[in-house]
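Some notes on the structure that comes next.
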Amino acid sequence: MNQPKIDFSNTQIAFQNKSNNELRNSYILFKSIGYNWLVQTGPKIIELAFSLGLPIKGIIKKTVFHQFCGGENINDCENAIQIMHQYNVGTILDYSVEGEEREDVFEATAQEILQTIKKASGNPAIPFSVFKVTGIARFELLAKVNANSVLTEVEKEEFSRVKHRINRICEAAYKLQVRIFVDAEESWIQDAIDGLATEMMLLYNKEKAIIYNTIQFYRHDRLAFLNKSIADAAANNYFYGVKLVRGAYMEKEALRAQEKNYLNPIQVNKAASDTDYNAGLALCIEHINRVSICAGTHNEDSCRYLTSLMQNANIEPNDERVYFSQLFGMSDNLSYNLGNAGYRVAKYLPYGPVKAVLPYLFRRAQENTSVKGQAGRELSLVQTELRRRNAAN
Ligand SMILES: Cc1cc2nc3c(=O)[nH]c(=O)nc-3n(C[C@H](O)[C@H](O)[C@H](O)COP(=O)(O)OP(=O)(O)OC[C@H]3O[C@@H](n4cnc5c(N)ncnc54)[C@H](O)[C@@H]3O)c2cc1C
């Protein structure tokens, strides 16, 4: 099999869907969030402005929201969905509202997730759905379940409602044949999430992988967990779906471990996370007859490594069992060049009311500061493309 050639530095393909104006706006945005002080003070100023009723929604909507989100509701996302689909890049509708921890809010979120599944059903432009367990369950309840603490009668009922909600979502995904990711979260609720995801896989992954759990390789115990999970799927005769990520809560994890005086679950350094991440990819490819994967990463080396693993295992680029995924508004050089080469790729497209997705937007801004490096990457890609277009004219 001939592996398609991919050049991740090809900015013409990366930004083929972007007008000059859009590119210039992205440039200004990434330049701004490259300033650490602005990202540190920005959220406080924005929250204050909202609480004072100042009209800042419009500015946010045109700038950071436009860069990282699809719209305020599911219908608003249609434009972004169609544009990406045109270039062989799929969409994963991500209802990113981080609301209050109330039963009615959890119910409303579950309903919205069901809508994303319905929208994805039979739609080649939307290959997956996704949900976060904390979007439909109280964090402290999950922490109690995770710690094996004794639940009160009221909590038992509450947890059974959580299970019921998750089952409704996964059952709908199964009936409508829409693959769905269960996102990974903080380590002190992750056993509870893993338990719920495994239960769902046992129920709905008998014929193929519909439910995908997520593994964070910034944890030093997760490669062993992946091994165990694959063995469990084989022993219990179900297909194992997994999204592989490095992990998003590193600072929080370190802080809690220090405060509570237990061993930090995070790897000793970035290289160890990278090594385990890539080993995770290799392990999954080795077991591809049982395992379906999605590499949720902005890391170019890992993407390239996965394409080489596929080639060595004679897996076609468009094999349904191997997906690549990035976040909307980031790493288009990976998504669009992979899509162009015929690989399966999809982007998380967050949506929700502007005010409700602010925590998501703040996290994106944080991770894109000059300190964390990604802003520099995005900025230089946009800059290269603007220069290329100028020279071509
Ligand atoms: C499609 C998609 C879905 C995602 N879903 C989830 C999810 O469900 N749960 C979740 O937690 N995250 C999720 N993420 C975020 C992800 O975990 C990473 O935070 C983010 O993608 C950056 O990692 P990277 O692989 O892209 O690349 P890189 O930029 O190469 O790696 C950065 C990551 O390396 C790790 N790292 C950095 N420094 C160190 C260090 N000193 N020691 C150890 N490790 C270090 C951290 O995880 C950091 O985020 C998702 C990301 C994508 C693209």
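In the structure tokens, the first chain shown is A, the next is B, and so on; residue numbers restart at 1 for each chain, and ligands run from 1 in the order shown.
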
Per residue of chain A within 8 Å of ligand 1, what are the shortest atom pair and its distance in Å to one decimal, counting only C-alpha atoms and all ligand atoms, with rows by chain and residue number, as a Markdown table?
| residue | atom | partner | partner_atom_place_in_ligand_line | distance |
| --- | --- | --- | --- | --- |
| A:Lys132 | CA | ligand 1 | 8 (O) | 7.7 |
| A:Phe181 | CA | ligand 1 | 8 (O) | 7.9 |
| A:Val182 | CA | ligand 1 | 8 (O) | 6.9 |
| A:Asp183 | CA | ligand 1 | 8 (O) | 3.4 |
| A:Ala184 | CA | ligand 1 | 8 (O) | 4.0 |
| A:Glu185 | CA | ligand 1 | 11 (O) | 5.2 |
| A:Glu186 | CA | ligand 1 | 11 (O) | 7.4 |
| A:Thr214 | CA | ligand 1 | 8 (O) | 5.7 |
| A:Ile215 | CA | ligand 1 | 9 (N) | 7.6 |
| A:Gln216 | CA | ligand 1 | 11 (O) | 6.1 |
| A:Phe217 | CA | ligand 1 | 47 (O) | 7.3 |
| A:Tyr218 | CA | ligand 1 | 44 (N) | 4.8 |
| A:Arg219 | CA | ligand 1 | 43 (C) | 7.8 |
| A:Lys243 | CA | ligand 1 | 5 (N) | 7.5 |
| A:Leu244 | CA | ligand 1 | 5 (N) | 7.9 |
| A:Val245 | CA | ligand 1 | 17 (O) | 4.5 |
| A:Arg246 | CA | ligand 1 | 47 (O) | 4.1 |
| A:Gly247 | CA | ligand 1 | 17 (O) | 3.0 |
| A:Ala248 | CA | ligand 1 | 19 (O) | 3.7 |
| A:Tyr249 | CA | ligand 1 | 11 (O) | 6.0 |
| A:Met250 | CA | ligand 1 | 46 (C) | 6.1 |
| A:Ile266 | CA | ligand 1 | 43 (C) | 5.9 |
| A:Gln267 | CA | ligand 1 | 43 (C) | 4.8 |
| A:Val268 | CA | ligand 1 | 42 (N) | 5.5 |
| A:Asn269 | CA | ligand 1 | 42 (N) | 3.5 |
| A:Lys270 | CA | ligand 1 | 40 (C) | 3.7 |
| A:Ala271 | CA | ligand 1 | 43 (C) | 7.1 |
| A:Ala272 | CA | ligand 1 | 43 (C) | 6.6 |
| A:Ser273 | CA | ligand 1 | 44 (N) | 5.0 |
| A:Asp274 | CA | ligand 1 | 34 (O) | 7.1 |
| A:Ala295 | CA | ligand 1 | 1 (C) | 7.3 |
| A:Gly296 | CA | ligand 1 | 1 (C) | 3.9 |
| A:Thr297 | CA | ligand 1 | 26 (O) | 3.7 |
| A:His298 | CA | ligand 1 | 26 (O) | 3.4 |
| A:Asn299 | CA | ligand 1 | 27 (O) | 4.3 |
| A:Glu300 | CA | ligand 1 | 30 (O) | 7.7 |
| A:Ser302 | CA | ligand 1 | 25 (O) | 7.7 |
| A:Phe324 | CA | ligand 1 | 1 (C) | 7.7 |
| A:Ser325 | CA | ligand 1 | 1 (C) | 4.3 |
| A:Gln326 | CA | ligand 1 | 53 (C) | 3.8 |
| A:Leu327 | CA | ligand 1 | 53 (C) | 4.9 |
| A:Ala346 | CA | ligand 1 | 1 (C) | 7.8 |
| A:Lys347 | CA | ligand 1 | 1 (C) | 6.3 |
| A:Tyr348 | CA | ligand 1 | 1 (C) | 5.7 |
| A:Gly373 | CA | ligand 1 | 29 (O) | 7.9 |
| A:Gln374 | CA | ligand 1 | 29 (O) | 6.9 |

*DSSP-assigned strand (DSSP E or B) among stretch 120-367 of chain A, expressed as an NGL selection string*: :A and (128-131 or 179-182 or 211-216 or 219 or 240-245 or 266 or 291-296 or 322-327 or 345-351)

What does the file look like for those residues with N, CA and C atoms, as a CSV table (one decimal), in the first residue's frame?
chain,number,residue,atom,x,y,z
A,128,PHE,N,-19.1,11.7,14.6
A,128,PHE,CA,-19.2,11.4,16.0
A,128,PHE,C,-20.1,12.4,16.7
A,129,SER,N,-20.5,11.9,17.9
A,129,SER,CA,-21.1,12.8,18.9
A,129,SER,C,-20.1,12.8,20.1
A,130,VAL,N,-20.4,13.6,21.1
A,130,VAL,CA,-19.5,13.6,22.3
A,130,VAL,C,-20.3,14.1,23.5
A,131,PHE,N,-19.9,13.7,24.7
A,131,PHE,CA,-20.4,14.3,25.9
A,131,PHE,C,-19.4,14.2,27.0
A,179,ARG,N,-21.4,7.0,16.4
A,179,ARG,CA,-20.3,6.8,17.4
A,179,ARG,C,-20.3,8.0,18.4
A,180,ILE,N,-20.0,7.7,19.6
A,180,ILE,CA,-20.0,8.8,20.6
A,180,ILE,C,-18.8,8.7,21.6
A,181,PHE,N,-18.1,9.8,21.8
A,181,PHE,CA,-17.0,9.9,22.7
A,181,PHE,C,-17.5,10.2,24.1
A,182,VAL,N,-16.9,9.6,25.1
A,182,VAL,CA,-17.1,10.0,26.5
A,182,VAL,C,-15.8,10.7,26.9
A,211,ILE,N,-19.5,3.3,21.4
A,211,ILE,CA,-19.1,4.1,22.5
A,211,ILE,C,-17.6,4.1,22.6
A,212,TYR,N,-17.0,5.3,22.7
A,212,TYR,CA,-15.6,5.4,22.8
A,212,TYR,C,-15.3,6.1,24.2
A,213,ASN,N,-14.4,5.4,25.0
A,213,ASN,CA,-13.9,6.1,26.2
A,213,ASN,C,-12.7,6.9,25.8
A,214,THR,N,-12.2,7.7,26.7
A,214,THR,CA,-11.0,8.6,26.4
A,214,THR,C,-9.9,8.3,27.4
A,215,ILE,N,-8.7,8.1,26.9
A,215,ILE,CA,-7.6,7.9,27.8
A,215,ILE,C,-6.6,9.0,27.7
A,216,GLN,N,-6.1,9.5,28.9
A,216,GLN,CA,-5.2,10.6,29.0
A,216,GLN,C,-3.8,10.1,29.3
A,219,ARG,N,-1.1,10.8,32.2
A,219,ARG,CA,-1.1,10.1,33.5
A,219,ARG,C,-0.1,8.9,33.3
A,240,TYR,N,-13.7,-2.4,21.4
A,240,TYR,CA,-13.2,-1.3,22.3
A,240,TYR,C,-13.0,0.0,21.5
A,241,GLY,N,-13.7,1.1,21.9
A,241,GLY,CA,-13.5,2.3,21.2
A,241,GLY,C,-12.8,3.3,22.2
A,242,VAL,N,-11.7,3.9,21.7
A,242,VAL,CA,-11.0,4.8,22.5
A,242,VAL,C,-10.5,6.1,21.8
A,243,LYS,N,-10.6,7.2,22.5
A,243,LYS,CA,-10.0,8.4,22.0
A,243,LYS,C,-8.8,8.6,22.8
A,244,LEU,N,-7.7,8.8,22.2
A,244,LEU,CA,-6.4,9.0,22.9
A,244,LEU,C,-6.0,10.4,22.9
A,245,VAL,N,-5.8,11.0,24.2
A,245,VAL,CA,-5.4,12.4,24.3
A,245,VAL,C,-4.2,12.4,25.3
A,266,ILE,N,0.5,12.7,37.2
A,266,ILE,CA,1.0,13.1,35.9
A,266,ILE,C,2.4,12.6,35.7
A,291,VAL,N,-10.1,-3.0,18.3
A,291,VAL,CA,-10.1,-1.6,18.8
A,291,VAL,C,-10.3,-0.6,17.7
A,292,SER,N,-11.2,0.4,17.9
A,292,SER,CA,-11.3,1.5,17.0
A,292,SER,C,-10.8,2.8,17.8
A,293,ILE,N,-10.1,3.6,17.1
A,293,ILE,CA,-9.5,4.7,17.8
A,293,ILE,C,-9.7,6.1,17.2
A,294,CYS,N,-9.5,7.1,18.0
A,294,CYS,CA,-9.5,8.5,17.5
A,294,CYS,C,-8.3,9.1,18.2
A,295,ALA,N,-7.3,9.7,17.4
A,295,ALA,CA,-6.2,10.4,18.0
A,295,ALA,C,-6.6,11.8,18.2
A,296,GLY,N,-7.0,12.2,19.4
A,296,GLY,CA,-7.4,13.6,19.6
A,296,GLY,C,-6.1,14.4,20.0
A,322,VAL,N,-9.9,4.2,12.3
A,322,VAL,CA,-8.9,5.1,12.7
A,322,VAL,C,-9.2,6.6,12.3
A,323,TYR,N,-9.4,7.4,13.3
A,323,TYR,CA,-9.7,8.8,13.1
A,323,TYR,C,-8.7,9.7,13.8
A,324,PHE,N,-8.5,10.9,13.2
A,324,PHE,CA,-7.7,11.9,13.8
A,324,PHE,C,-8.7,13.0,14.2
A,325,SER,N,-8.4,13.8,15.2
A,325,SER,CA,-9.3,14.8,15.6
A,325,SER,C,-8.6,16.0,16.2
A,326,GLN,N,-9.0,17.2,15.8
A,326,GLN,CA,-8.5,18.4,16.4
A,326,GLN,C,-9.6,19.3,16.8
A,327,LEU,N,-9.3,20.4,17.6
A,327,LEU,CA,-10.4,21.3,18.0
A,327,LEU,C,-10.6,22.4,16.9
A,345,VAL,N,-10.8,12.4,9.4
A,345,VAL,CA,-10.5,13.5,10.4
A,345,VAL,C,-11.7,14.3,10.7
A,346,ALA,N,-11.8,14.7,11.9
A,346,ALA,CA,-13.0,15.4,12.3
A,346,ALA,C,-12.6,16.4,13.4
A,347,LYS,N,-13.3,17.6,13.4
A,347,LYS,CA,-13.0,18.6,14.4
A,347,LYS,C,-14.1,18.8,15.4
A,348,TYR,N,-13.7,18.9,16.7
A,348,TYR,CA,-14.7,19.2,17.8
A,348,TYR,C,-15.2,20.6,17.4
A,349,LEU,N,-16.5,20.8,17.3
A,349,LEU,CA,-17.1,22.1,17.1
A,349,LEU,C,-17.9,22.5,18.3
A,350,PRO,N,-17.3,23.3,19.2
A,350,PRO,CA,-18.1,23.7,20.4
A,350,PRO,C,-19.2,24.7,20.0
A,351,TYR,N,-20.3,24.6,20.7
A,351,TYR,CA,-21.4,25.6,20.5
A,351,TYR,C,-22.1,25.8,21.8

*Nearest to A:Met84 by atom-to-atom distance, counting only C-alpha atoms, from A:Gly280, A:Pro317, A:Gly339, A:Gly376*: A:Gly339

_atom CA of A:Ser121 to atom CA of A:Lys208, distance in Å rounded to a single decimal_ = 16.0 Å

_Env of A:Glu98: 10 Å cut, atoms = only C-alpha atoms, seq-sep filter 2 positions within chain, self excluded. Answer as number ranges by chain._
A: 95-96, 100-101, 105, 109, 132, 134-135, 352, 355-360

*Skip stretch 11-20 of chain A itself and residues of its chain fewer than 4 positions away, then list as a list in words all residues within 10 Å of it, counting only C-alpha atoms.*
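Surrounding residues, per the criterion: Asp7, Arg24, Asn25, Ser26, Ala80, Ile83, Met84, Gln86, Tyr87, Ser331, Asp332, Asn333, Leu334, Ser335, Tyr336, Asn337, Leu338, Gly339, Asn340, Leu381, Val382, Gln383, Thr384, Glu385, Leu386, Arg388, Arg389 and Asn390 of chain A.
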
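Atom CA of A:Ile33 is found 25.5 Å from atom CA of A:Asn73.
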
So that I can check the surroundings of A:Ser187, please list as a PDB file with all heavy atoms, in the first residue's frame every protein, DNA and RNA residue that reaches within 8 Å of it, counting only C-alpha atoms and ignoring chain neighbours fewer than 3 positions away.
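Saved file selection35.pdb follows:
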ATOM      1  N   GLN A 190     -12.258  10.061  37.405  1.00  0.00           N
ATOM      2  CA  GLN A 190     -12.094   9.320  36.151  1.00  0.00           C
ATOM      3  C   GLN A 190     -12.443   7.831  36.282  1.00  0.00           C
ATOM      4  O   GLN A 190     -12.971   7.240  35.339  1.00  0.00           O
ATOM      5  CB  GLN A 190     -10.672   9.503  35.593  1.00  0.00           C
ATOM      6  CG  GLN A 190     -10.473   8.984  34.170  1.00  0.00           C
ATOM      7  CD  GLN A 190     -11.435   9.579  33.149  1.00  0.00           C
ATOM      8  OE1 GLN A 190     -11.689  10.784  33.147  1.00  0.00           O
ATOM      9  NE2 GLN A 190     -12.006   8.751  32.279  1.00  0.00           N
ATOM     10  N   ASP A 191     -12.176   7.217  37.462  1.00  0.00           N
ATOM     11  CA  ASP A 191     -12.566   5.803  37.617  1.00  0.00           C
ATOM     12  C   ASP A 191     -14.075   5.657  37.457  1.00  0.00           C
ATOM     13  O   ASP A 191     -14.567   4.688  36.852  1.00  0.00           O
ATOM     14  CB  ASP A 191     -12.174   5.261  39.001  1.00  0.00           C
ATOM     15  CG  ASP A 191     -10.688   4.959  39.085  1.00  0.00           C
ATOM     16  OD1 ASP A 191      -9.998   5.068  38.043  1.00  0.00           O
ATOM     17  OD2 ASP A 191     -10.216   4.636  40.195  1.00  0.00           O
ATOM     18  N   GLU A 253      -4.209  18.851  38.442  1.00  0.00           N
ATOM     19  CA  GLU A 253      -3.840  17.541  38.996  1.00  0.00           C
ATOM     20  C   GLU A 253      -2.655  17.689  39.955  1.00  0.00           C
ATOM     21  O   GLU A 253      -2.668  17.157  41.067  1.00  0.00           O
ATOM     22  CB  GLU A 253      -3.454  16.561  37.876  1.00  0.00           C
ATOM     23  CG  GLU A 253      -4.602  16.125  36.977  1.00  0.00           C
ATOM     24  CD  GLU A 253      -5.515  15.083  37.615  1.00  0.00           C
ATOM     25  OE1 GLU A 253      -5.213  14.596  38.728  1.00  0.00           O
ATOM     26  OE2 GLU A 253      -6.553  14.767  37.009  1.00  0.00           O
ATOM     27  N   PRO A 265      -0.460  12.100  39.712  1.00  0.00           N
ATOM     28  CA  PRO A 265      -0.694  11.080  38.659  1.00  0.00           C
ATOM     29  C   PRO A 265      -0.066  11.425  37.311  1.00  0.00           C
ATOM     30  O   PRO A 265      -0.070  10.609  36.398  1.00  0.00           O
ATOM     31  CB  PRO A 265      -2.221  11.047  38.549  1.00  0.00           C
ATOM     32  CG  PRO A 265      -2.711  12.346  39.081  1.00  0.00           C
ATOM     33  CD  PRO A 265      -1.699  12.805  40.089  1.00  0.00           C
TER      34      PRO A 265
END

*Residues at most 10 Å from stretch 140-144 of chain A, counting only C-alpha atoms, excluding those fewer than 4 positions away in the same chain, as number ranges by chain?*
A: 101, 133-134, 148-151, 155-156, 158-159, 162, 186-193

*In stretch 106-142 of chain A, DSSP helix (DSSP H, G or I) residues written as a PyMOL selection string*: chain A and resi 106-120+133-135+139-142

Mind dumping the selected residues with N, CA and C atoms as a CSV table (one decimal), in the first residue's frame?
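Heads up, here's the output in result-v4.csv:
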chain,number,residue,atom,x,y,z
A,106,PHE,N,-28.9,19.5,34.0
A,106,PHE,CA,-28.4,18.2,33.5
A,106,PHE,C,-29.3,17.6,32.5
A,107,GLU,N,-30.6,17.7,32.8
A,107,GLU,CA,-31.6,17.1,31.9
A,107,GLU,C,-31.6,17.9,30.6
A,108,ALA,N,-31.5,19.2,30.6
A,108,ALA,CA,-31.5,20.0,29.4
A,108,ALA,C,-30.3,19.7,28.6
A,109,THR,N,-29.1,19.5,29.3
A,109,THR,CA,-27.9,19.1,28.6
A,109,THR,C,-28.0,17.8,27.9
A,110,ALA,N,-28.6,16.8,28.6
A,110,ALA,CA,-28.8,15.5,28.0
A,110,ALA,C,-29.7,15.6,26.8
A,111,GLN,N,-30.7,16.4,26.8
A,111,GLN,CA,-31.6,16.6,25.7
A,111,GLN,C,-30.8,17.2,24.5
A,112,GLU,N,-29.9,18.1,24.8
A,112,GLU,CA,-29.1,18.8,23.7
A,112,GLU,C,-28.2,17.7,23.1
A,113,ILE,N,-27.6,16.9,24.0
A,113,ILE,CA,-26.7,15.8,23.4
A,113,ILE,C,-27.5,14.9,22.5
A,114,LEU,N,-28.7,14.6,22.9
A,114,LEU,CA,-29.6,13.7,22.1
A,114,LEU,C,-29.8,14.4,20.7
A,115,GLN,N,-30.0,15.7,20.7
A,115,GLN,CA,-30.2,16.4,19.5
A,115,GLN,C,-28.9,16.3,18.6
A,116,THR,N,-27.7,16.4,19.2
A,116,THR,CA,-26.5,16.2,18.4
A,116,THR,C,-26.4,14.8,17.7
A,117,ILE,N,-26.9,13.8,18.5
A,117,ILE,CA,-26.9,12.5,18.0
A,117,ILE,C,-27.9,12.4,16.8
A,118,LYS,N,-29.1,12.9,17.0
A,118,LYS,CA,-30.1,12.9,15.9
A,118,LYS,C,-29.5,13.6,14.6
A,119,LYS,N,-28.9,14.7,14.9
A,119,LYS,CA,-28.3,15.5,13.7
A,119,LYS,C,-27.2,14.7,13.0
A,120,ALA,N,-26.4,14.0,13.8
A,120,ALA,CA,-25.3,13.2,13.2
A,120,ALA,C,-25.8,12.0,12.5
A,133,VAL,N,-19.3,13.6,31.1
A,133,VAL,CA,-20.2,13.1,32.2
A,133,VAL,C,-20.5,14.3,33.2
A,134,THR,N,-19.6,15.2,33.4
A,134,THR,CA,-19.9,16.3,34.4
A,134,THR,C,-20.9,17.3,33.8
A,135,GLY,N,-21.2,17.1,32.5
A,135,GLY,CA,-22.3,18.0,31.9
A,135,GLY,C,-23.7,17.5,32.4
A,139,PHE,N,-20.4,16.9,40.0
A,139,PHE,CA,-19.0,16.5,40.2
A,139,PHE,C,-18.7,15.8,41.5
A,140,GLU,N,-19.2,16.4,42.6
A,140,GLU,CA,-18.9,15.8,43.9
A,140,GLU,C,-19.6,14.4,44.1
A,141,LEU,N,-20.7,14.2,43.4
A,141,LEU,CA,-21.3,12.8,43.4
A,141,LEU,C,-20.3,11.8,42.7
A,142,LEU,N,-19.8,12.3,41.6
A,142,LEU,CA,-18.9,11.4,40.9
A,142,LEU,C,-17.6,11.1,41.7

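Nearest to A:Gln177 of all the residues A:Asp221, A:Asn21, A:Pro127, A:Glu199 is A:Pro127, counting only C-alpha atoms.
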
*Shortest interatomic distance to A:Cys77 - which of A:Leu283, A:Phe8, A:Ala233, A:Phe328, counting only C-alpha atoms*: A:Phe328

_Considering only C-alpha atoms, can you say which of A:Lys175, A:Val145, A:Ser160, A:Val354 comes closest to A:Asp194?_
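For A:Asp194, the nearest of the candidates is A:Val145.
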
_as an MDAnalysis selection string, please: the residues near A:Asn237 (cut-off 9 Å, only C-alpha atoms, same-chain neighbours under 3 positions excluded)._
chainID A and resid 202 205:206 232:234

Store the residues of this selection in a file with all heavy atoms, as a PDB file, in the first residue's frame.
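And here is the file that came out, part.pdb:
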ATOM      1  N   LEU A 202     -20.038  -2.498  27.023  1.00  0.00           N
ATOM      2  CA  LEU A 202     -20.514  -3.883  27.150  1.00  0.00           C
ATOM      3  C   LEU A 202     -21.891  -4.042  26.521  1.00  0.00           C
ATOM      4  O   LEU A 202     -22.198  -5.053  25.894  1.00  0.00           O
ATOM      5  CB  LEU A 202     -20.611  -4.242  28.628  1.00  0.00           C
ATOM      6  CG  LEU A 202     -19.505  -5.117  29.199  1.00  0.00           C
ATOM      7  CD1 LEU A 202     -19.539  -5.082  30.719  1.00  0.00           C
ATOM      8  CD2 LEU A 202     -19.623  -6.559  28.694  1.00  0.00           C
ATOM      9  N   ASN A 205     -21.385  -2.114  22.258  1.00  0.00           N
ATOM     10  CA  ASN A 205     -20.261  -2.309  21.324  1.00  0.00           C
ATOM     11  C   ASN A 205     -20.107  -3.770  20.897  1.00  0.00           C
ATOM     12  O   ASN A 205     -19.011  -4.207  20.583  1.00  0.00           O
ATOM     13  CB  ASN A 205     -18.943  -1.831  21.967  1.00  0.00           C
ATOM     14  CG  ASN A 205     -18.819  -0.317  21.961  1.00  0.00           C
ATOM     15  OD1 ASN A 205     -19.773   0.386  21.650  1.00  0.00           O
ATOM     16  ND2 ASN A 205     -17.644   0.180  22.306  1.00  0.00           N
ATOM     17  N   LYS A 206     -21.214  -4.503  20.873  1.00  0.00           N
ATOM     18  CA  LYS A 206     -21.122  -5.926  20.537  1.00  0.00           C
ATOM     19  C   LYS A 206     -20.811  -6.142  19.056  1.00  0.00           C
ATOM     20  O   LYS A 206     -20.104  -7.081  18.696  1.00  0.00           O
ATOM     21  CB  LYS A 206     -22.429  -6.648  20.898  1.00  0.00           C
ATOM     22  CG  LYS A 206     -22.648  -6.822  22.388  1.00  0.00           C
ATOM     23  CD  LYS A 206     -21.743  -7.893  22.969  1.00  0.00           C
ATOM     24  CE  LYS A 206     -21.977  -8.073  24.475  1.00  0.00           C
ATOM     25  NZ  LYS A 206     -20.847  -8.734  25.146  1.00  0.00           N
ATOM     26  N   ASP A 232      -9.850  -6.676  28.558  1.00  0.00           N
ATOM     27  CA  ASP A 232     -11.208  -6.799  29.093  1.00  0.00           C
ATOM     28  C   ASP A 232     -12.221  -6.922  27.945  1.00  0.00           C
ATOM     29  O   ASP A 232     -13.158  -7.729  28.000  1.00  0.00           O
ATOM     30  CB  ASP A 232     -11.518  -5.556  29.945  1.00  0.00           C
ATOM     31  CG  ASP A 232     -12.828  -5.693  30.685  1.00  0.00           C
ATOM     32  OD1 ASP A 232     -12.913  -6.582  31.535  1.00  0.00           O
ATOM     33  OD2 ASP A 232     -13.768  -4.911  30.385  1.00  0.00           O
ATOM     34  N   ALA A 233     -12.007  -6.099  26.895  1.00  0.00           N
ATOM     35  CA  ALA A 233     -12.918  -6.144  25.743  1.00  0.00           C
ATOM     36  C   ALA A 233     -12.847  -7.525  25.083  1.00  0.00           C
ATOM     37  O   ALA A 233     -13.873  -8.100  24.702  1.00  0.00           O
ATOM     38  CB  ALA A 233     -12.551  -5.047  24.743  1.00  0.00           C
ATOM     39  N   ALA A 234     -11.632  -8.069  24.980  1.00  0.00           N
ATOM     40  CA  ALA A 234     -11.470  -9.388  24.350  1.00  0.00           C
ATOM     41  C   ALA A 234     -12.144 -10.463  25.208  1.00  0.00           C
ATOM     42  O   ALA A 234     -12.874 -11.319  24.701  1.00  0.00           O
ATOM     43  CB  ALA A 234      -9.987  -9.693  24.162  1.00  0.00           C
TER      44      ALA A 234
END
